[in-house]
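**Q** Shown below is the structure under consideration.
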Amino acid sequence: MSPARPLLSQEQIVAAAIDLLDRDGPDAFSMRRLGAALKVDPMAVYHHLPNKAALFDAVVDTVWARTVLEEPDADATWQQVVTSIFHALRGELLAHPKLVSIVATRPVATPHMLTLVERALGWLDSAGLPPAEAMKLLDCLVGYTVGKVAGEVREPVGGPGVPPEQVYGALTPETHPHVVTAMTSGYGWQPDEEFTRGLDAMVAGWRVGPLS
């Protein structure tokens with residue numbers, strides 16, 4: 001008698017899916033390849049997750065579960081709490097660049113995401129930013145962070161296109177004088193600095209309460 005095959009769990013399936021996605025990206029992903037990685041018939045996956053969409057939702061939930069938020073200091077301002085949250089999210093996304101397009105396009109409300117939001121709202125409320133107001137800011141900053149990281153990792157759907165450096169290199173002062181001036185007078189793509197400056201500016205400029 002052959003030994004019993006180990007039971008498959010949803011956690012194993014999602015972990016294997018993330019490994020495949022990290023390596024090859026979503027364009028190359030298939031349930032058949034996932035089954036091969038797990039050494040099971042691909043149909044076995046469907047006993048735990050009904051389709052690829054449900055699997056990708058579980059992948060997104062796992063990204064949120066892996067996003068570690070450090071408890072803020074008791075005297076931290078709500079601005080400091082907010083920026084620490086989104087530096088943590090950016091770090092997790094940069095650790096899995098091929099997942100960014102999935103995180104950007106799958107539903108934003110997942111169990112672990114809501115757990116993180118609940119913790120964040122509690123901290124922000126204690127620091128002086130009411131939950132309803134905090135939710136509006138968190139909505140904006142999730143979009144900012146995911147979008148900025150998507151631009152950083154440059155994992156375009158459908159494969160790579162013309163490198164930006166090649167496009168910029170073809171510009172002349174006659175056709176694009178302002179762009180060329182920017183490129184030759186101090187501009188340089190610095191994603192860490194850009195992200196931090198943009199995040200700080202959005203948080204500092206956030207007006208609490210309705211716009212007049």
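Order determines the names: the first chain of the structure tokens is A, the second B, and so forth; residues in each chain are numbered 1 upward, and ligands are numbered 1 upward as they are shown.
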Would you return as a ChimeraX atom specification the members of range 37-138 of chain A that DSSP assigns to helix (DSSP H, G or I) on this structure's backbone?
**A** /A:37-38,42-47,52-66,78-95,97-105,111-126,131-138
**Q** For range 107-116 of chain A, find every residue with an atom within 7 Å (counting only C-alpha atoms), except residues of its own chain fewer than 6 positions away, and show them as a compact mmCIF listing (two decimals) with N, CA and C atoms, in the first residue's frame.
**A**
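Once written, part.txt looks like this:
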# COMPACT_ATOMS: atom_id res chain seq x y z
N ASP A 61 -4.72 38.97 0.38
CA ASP A 61 -4.94 38.93 1.83
C ASP A 61 -3.66 38.56 2.56
N TRP A 64 -1.36 41.53 2.90
CA TRP A 64 -1.77 42.36 4.04
C TRP A 64 -1.39 41.69 5.36
N ALA A 65 -1.53 40.36 5.43
CA ALA A 65 -1.18 39.65 6.66
C ALA A 65 0.31 39.78 6.97
**Q** Can you work out which one of A:Ser126, A:Gln80, A:Thr62, A:Ser30 has the shortest atom-to-atom distance to Glu11 in chain A, counting only C-alpha atoms?
**A** A:Thr62
**Q** Could you state the separation of CA of Leu89 in chain A and CA of Pro163 in chain A in Å, given to one decimal place?
**A** 26.7 Å
**Q** Counting only C-alpha atoms, which residue out of A:Met202, A:Ala44, A:Val167, A:Ala76 sits closest to Leu129 in chain A?
**A**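 Answer, going by the shortest atom-to-atom distance: A:Ala76.
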**Q** Return the single residue from A:Asn51, A:Thr181, A:Thr145, A:Gln79 that is closest to Ala104 in chain A, with distances computed using only C-alpha atoms.
**A**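 Nearest to Ala104 in chain A: A:Thr145.
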**Q** Can you pull out every residue within 8 Å of Glu70 in chain A, counting only C-alpha atoms, but drop anything in the same chain fewer than 2 positions away, and send it as a ChimeraX atom specification?
**A** /A:68,72,84
**Q** A:Val142, A:Leu49, A:Pro191, A:Val40: which is nearest Ile85 in chain A, counting only C-alpha atoms?
**A**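 Using only C-alpha atoms, Ile85 in chain A sits closest to A:Val142.
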**Q** Would you mind reading off the distance between CA of Lys52 in chain A and CA of Pro97 in chain A, one decimal, in Å?
**A**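 Result for CA of Lys52 in chain A versus CA of Pro97 in chain A: 19.3 Å, one decimal.
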**Q** Find the residues around Leu99 in chain A up to 9 Å (only C-alpha atoms counted), leave out those fewer than 3 positions away in its own chain, and share them as an MDAnalysis selection string.
**A** chainID A and resid 18 21:22 25:26 59:60 63 93 96 102:104
**Q** Output N, CA, C and O atoms for every residue in the selection just made, as a PDB file, in the first residue's frame.
**A**
ATOM      1  N   ILE A  18       2.301  32.260  -4.272  1.00  0.00           N
ATOM      2  CA  ILE A  18       3.149  33.443  -4.121  1.00  0.00           C
ATOM      3  C   ILE A  18       4.563  33.155  -4.608  1.00  0.00           C
ATOM      4  O   ILE A  18       5.187  33.993  -5.287  1.00  0.00           O
ATOM      5  N   LEU A  21       4.391  33.264  -8.383  1.00  0.00           N
ATOM      6  CA  LEU A  21       4.185  34.632  -8.849  1.00  0.00           C
ATOM      7  C   LEU A  21       5.443  35.465  -8.650  1.00  0.00           C
ATOM      8  O   LEU A  21       5.808  36.276  -9.518  1.00  0.00           O
ATOM      9  N   ASP A  22       6.116  35.290  -7.520  1.00  0.00           N
ATOM     10  CA  ASP A  22       7.367  36.004  -7.274  1.00  0.00           C
ATOM     11  C   ASP A  22       8.392  35.675  -8.353  1.00  0.00           C
ATOM     12  O   ASP A  22       9.179  36.540  -8.778  1.00  0.00           O
ATOM     13  N   GLY A  25       5.760  35.892 -12.282  1.00  0.00           N
ATOM     14  CA  GLY A  25       4.766  36.923 -12.524  1.00  0.00           C
ATOM     15  C   GLY A  25       3.401  36.375 -12.900  1.00  0.00           C
ATOM     16  O   GLY A  25       3.262  35.191 -13.245  1.00  0.00           O
ATOM     17  N   PRO A  26       2.372  37.228 -12.862  1.00  0.00           N
ATOM     18  CA  PRO A  26       1.002  36.759 -13.115  1.00  0.00           C
ATOM     19  C   PRO A  26       0.747  36.321 -14.551  1.00  0.00           C
ATOM     20  O   PRO A  26      -0.100  35.462 -14.794  1.00  0.00           O
ATOM     21  N   VAL A  59      -4.109  35.634  -2.146  1.00  0.00           N
ATOM     22  CA  VAL A  59      -2.738  36.141  -2.232  1.00  0.00           C
ATOM     23  C   VAL A  59      -2.676  37.567  -1.695  1.00  0.00           C
ATOM     24  O   VAL A  59      -1.793  37.923  -0.907  1.00  0.00           O
ATOM     25  N   VAL A  60      -3.628  38.409  -2.116  1.00  0.00           N
ATOM     26  CA  VAL A  60      -3.669  39.796  -1.636  1.00  0.00           C
ATOM     27  C   VAL A  60      -3.847  39.817  -0.119  1.00  0.00           C
ATOM     28  O   VAL A  60      -3.193  40.591   0.586  1.00  0.00           O
ATOM     29  N   VAL A  63      -0.599  39.217   1.518  1.00  0.00           N
ATOM     30  CA  VAL A  63       0.279  40.397   1.500  1.00  0.00           C
ATOM     31  C   VAL A  63      -0.060  41.310   2.673  1.00  0.00           C
ATOM     32  O   VAL A  63       0.824  41.799   3.383  1.00  0.00           O
ATOM     33  N   LEU A  93       5.426  45.466  -0.370  1.00  0.00           N
ATOM     34  CA  LEU A  93       5.203  45.424  -1.816  1.00  0.00           C
ATOM     35  C   LEU A  93       6.528  45.322  -2.574  1.00  0.00           C
ATOM     36  O   LEU A  93       6.637  44.570  -3.555  1.00  0.00           O
ATOM     37  N   HIS A  96       7.867  41.927  -2.887  1.00  0.00           N
ATOM     38  CA  HIS A  96       7.165  41.042  -3.822  1.00  0.00           C
ATOM     39  C   HIS A  96       6.696  41.855  -5.026  1.00  0.00           C
ATOM     40  O   HIS A  96       5.496  42.026  -5.251  1.00  0.00           O
ATOM     41  N   ILE A 102      -1.374  42.651  -8.924  1.00  0.00           N
ATOM     42  CA  ILE A 102      -2.510  41.919  -8.353  1.00  0.00           C
ATOM     43  C   ILE A 102      -3.099  42.702  -7.192  1.00  0.00           C
ATOM     44  O   ILE A 102      -4.317  42.886  -7.097  1.00  0.00           O
ATOM     45  N   VAL A 103      -2.241  43.205  -6.305  1.00  0.00           N
ATOM     46  CA  VAL A 103      -2.719  44.010  -5.177  1.00  0.00           C
ATOM     47  C   VAL A 103      -3.458  45.248  -5.681  1.00  0.00           C
ATOM     48  O   VAL A 103      -4.472  45.662  -5.109  1.00  0.00           O
ATOM     49  N   ALA A 104      -2.978  45.822  -6.777  1.00  0.00           N
ATOM     50  CA  ALA A 104      -3.575  47.055  -7.302  1.00  0.00           C
ATOM     51  C   ALA A 104      -4.949  46.838  -7.905  1.00  0.00           C
ATOM     52  O   ALA A 104      -5.748  47.782  -7.975  1.00  0.00           O
TER      53      ALA A 104
END
**Q** Determine, counting only C-alpha atoms, which protein, DNA and RNA residues have an atom within 10 Å of an atom of range 193-201 of chain A; residues of the same chain fewer than 5 positions away are not included. Present the result as a PDB file with N, CA, C and O atoms, in the first residue's frame.
**A**
ATOM      1  N   GLN A  79       0.199  62.006  12.384  1.00  0.00           N
ATOM      2  CA  GLN A  79       0.979  62.089  11.149  1.00  0.00           C
ATOM      3  C   GLN A  79       2.118  61.065  11.155  1.00  0.00           C
ATOM      4  O   GLN A  79       2.385  60.404  10.135  1.00  0.00           O
ATOM      5  N   GLN A  80       2.774  60.919  12.298  1.00  0.00           N
ATOM      6  CA  GLN A  80       3.860  59.933  12.405  1.00  0.00           C
ATOM      7  C   GLN A  80       3.324  58.509  12.291  1.00  0.00           C
ATOM      8  O   GLN A  80       3.954  57.648  11.664  1.00  0.00           O
ATOM      9  N   VAL A  82       0.629  57.542  10.620  1.00  0.00           N
ATOM     10  CA  VAL A  82       0.241  57.303   9.224  1.00  0.00           C
ATOM     11  C   VAL A  82       1.464  57.000   8.366  1.00  0.00           C
ATOM     12  O   VAL A  82       1.468  56.032   7.584  1.00  0.00           O
ATOM     13  N   THR A  83       2.502  57.812   8.462  1.00  0.00           N
ATOM     14  CA  THR A  83       3.662  57.586   7.604  1.00  0.00           C
ATOM     15  C   THR A  83       4.325  56.241   7.905  1.00  0.00           C
ATOM     16  O   THR A  83       4.786  55.562   6.980  1.00  0.00           O
ATOM     17  N   PHE A  86       2.503  53.382   6.033  1.00  0.00           N
ATOM     18  CA  PHE A  86       2.675  53.266   4.586  1.00  0.00           C
ATOM     19  C   PHE A  86       4.116  52.994   4.183  1.00  0.00           C
ATOM     20  O   PHE A  86       4.353  52.434   3.101  1.00  0.00           O
ATOM     21  N   HIS A  87       5.066  53.298   5.024  1.00  0.00           N
ATOM     22  CA  HIS A  87       6.420  52.803   4.782  1.00  0.00           C
ATOM     23  C   HIS A  87       6.440  51.278   4.940  1.00  0.00           C
ATOM     24  O   HIS A  87       7.137  50.583   4.186  1.00  0.00           O
ATOM     25  N   ARG A  90       4.787  49.786   1.792  1.00  0.00           N
ATOM     26  CA  ARG A  90       5.699  49.881   0.649  1.00  0.00           C
ATOM     27  C   ARG A  90       6.795  48.822   0.752  1.00  0.00           C
ATOM     28  O   ARG A  90       7.159  48.189  -0.261  1.00  0.00           O
ATOM     29  N   LEU A 141      -3.963  57.178   0.684  1.00  0.00           N
ATOM     30  CA  LEU A 141      -2.568  56.772   0.788  1.00  0.00           C
ATOM     31  C   LEU A 141      -2.325  55.338   0.335  1.00  0.00           C
ATOM     32  O   LEU A 141      -1.214  55.007  -0.101  1.00  0.00           O
ATOM     33  N   TYR A 144      -1.945  55.936  -3.335  1.00  0.00           N
ATOM     34  CA  TYR A 144      -0.647  56.565  -3.580  1.00  0.00           C
ATOM     35  C   TYR A 144       0.479  55.535  -3.476  1.00  0.00           C
ATOM     36  O   TYR A 144       1.353  55.444  -4.355  1.00  0.00           O
ATOM     37  N   THR A 145       0.471  54.749  -2.414  1.00  0.00           N
ATOM     38  CA  THR A 145       1.560  53.808  -2.168  1.00  0.00           C
ATOM     39  C   THR A 145       1.606  52.707  -3.212  1.00  0.00           C
ATOM     40  O   THR A 145       2.669  52.413  -3.782  1.00  0.00           O
ATOM     41  N   LYS A 148       2.640  54.240  -6.583  1.00  0.00           N
ATOM     42  CA  LYS A 148       4.045  54.640  -6.625  1.00  0.00           C
ATOM     43  C   LYS A 148       4.948  53.413  -6.725  1.00  0.00           C
ATOM     44  O   LYS A 148       5.919  53.411  -7.495  1.00  0.00           O
ATOM     45  N   VAL A 149       4.626  52.366  -5.981  1.00  0.00           N
ATOM     46  CA  VAL A 149       5.442  51.155  -6.059  1.00  0.00           C
ATOM     47  C   VAL A 149       5.308  50.510  -7.432  1.00  0.00           C
ATOM     48  O   VAL A 149       6.292  50.012  -7.993  1.00  0.00           O
ATOM     49  N   GLU A 152       7.679  52.085  -9.569  1.00  0.00           N
ATOM     50  CA  GLU A 152       9.056  51.753  -9.212  1.00  0.00           C
ATOM     51  C   GLU A 152       9.488  50.393  -9.740  1.00  0.00           C
ATOM     52  O   GLU A 152      10.593  50.237 -10.271  1.00  0.00           O
ATOM     53  N   TRP A 206      -3.013  67.346   4.778  1.00  0.00           N
ATOM     54  CA  TRP A 206      -4.369  66.800   4.951  1.00  0.00           C
ATOM     55  C   TRP A 206      -5.182  67.695   5.865  1.00  0.00           C
ATOM     56  O   TRP A 206      -4.786  67.962   6.991  1.00  0.00           O
TER      57      TRP A 206
END
**Q** Compare A:Ala17, A:Ala134, A:Ala53, A:Gly143 by their minimum atom-to-atom distance to Leu34 in chain A, counting only C-alpha atoms, and give me the closest one.
**A** A:Ala17
**Q** Between CA of Asp192 in chain A and CA of Ala127 in chain A, what is the spacing in Å?
**A**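 Taking CA of Ala127 in chain A and CA of Asp192 in chain A, their separation equals 26.3 Å.
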**Q** Compile the contact shell of Glu165 in chain A as a short mmCIF file (atom, residue, chain, number, x, y, z; two decimals) with C-alpha atoms, in the first residue's frame: residues with an atom at most 12 Å away, counting only C-alpha atoms, same-chain residues fewer than 6 positions apart removed.
**A**
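Written out: result_18.cif:
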data_model
loop_
_atom_site.label_atom_id
_atom_site.label_comp_id
_atom_site.auth_asym_id
_atom_site.auth_seq_id
_atom_site.Cartn_x
_atom_site.Cartn_y
_atom_site.Cartn_z
CA LEU A 171 14.82 64.16 -26.39
CA MET A 183 17.14 66.25 -16.68
CA GLY A 188 17.39 62.18 -10.97
CA TRP A 189 14.97 59.37 -10.27
#
**Q** Using only C-alpha atoms, can you tell me which of A:Arg207, A:Leu94, A:Gln12, A:Arg106 comes closest to Phe56 in chain A?
**A**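 Closest to Phe56 in chain A of all the choices is A:Arg106.
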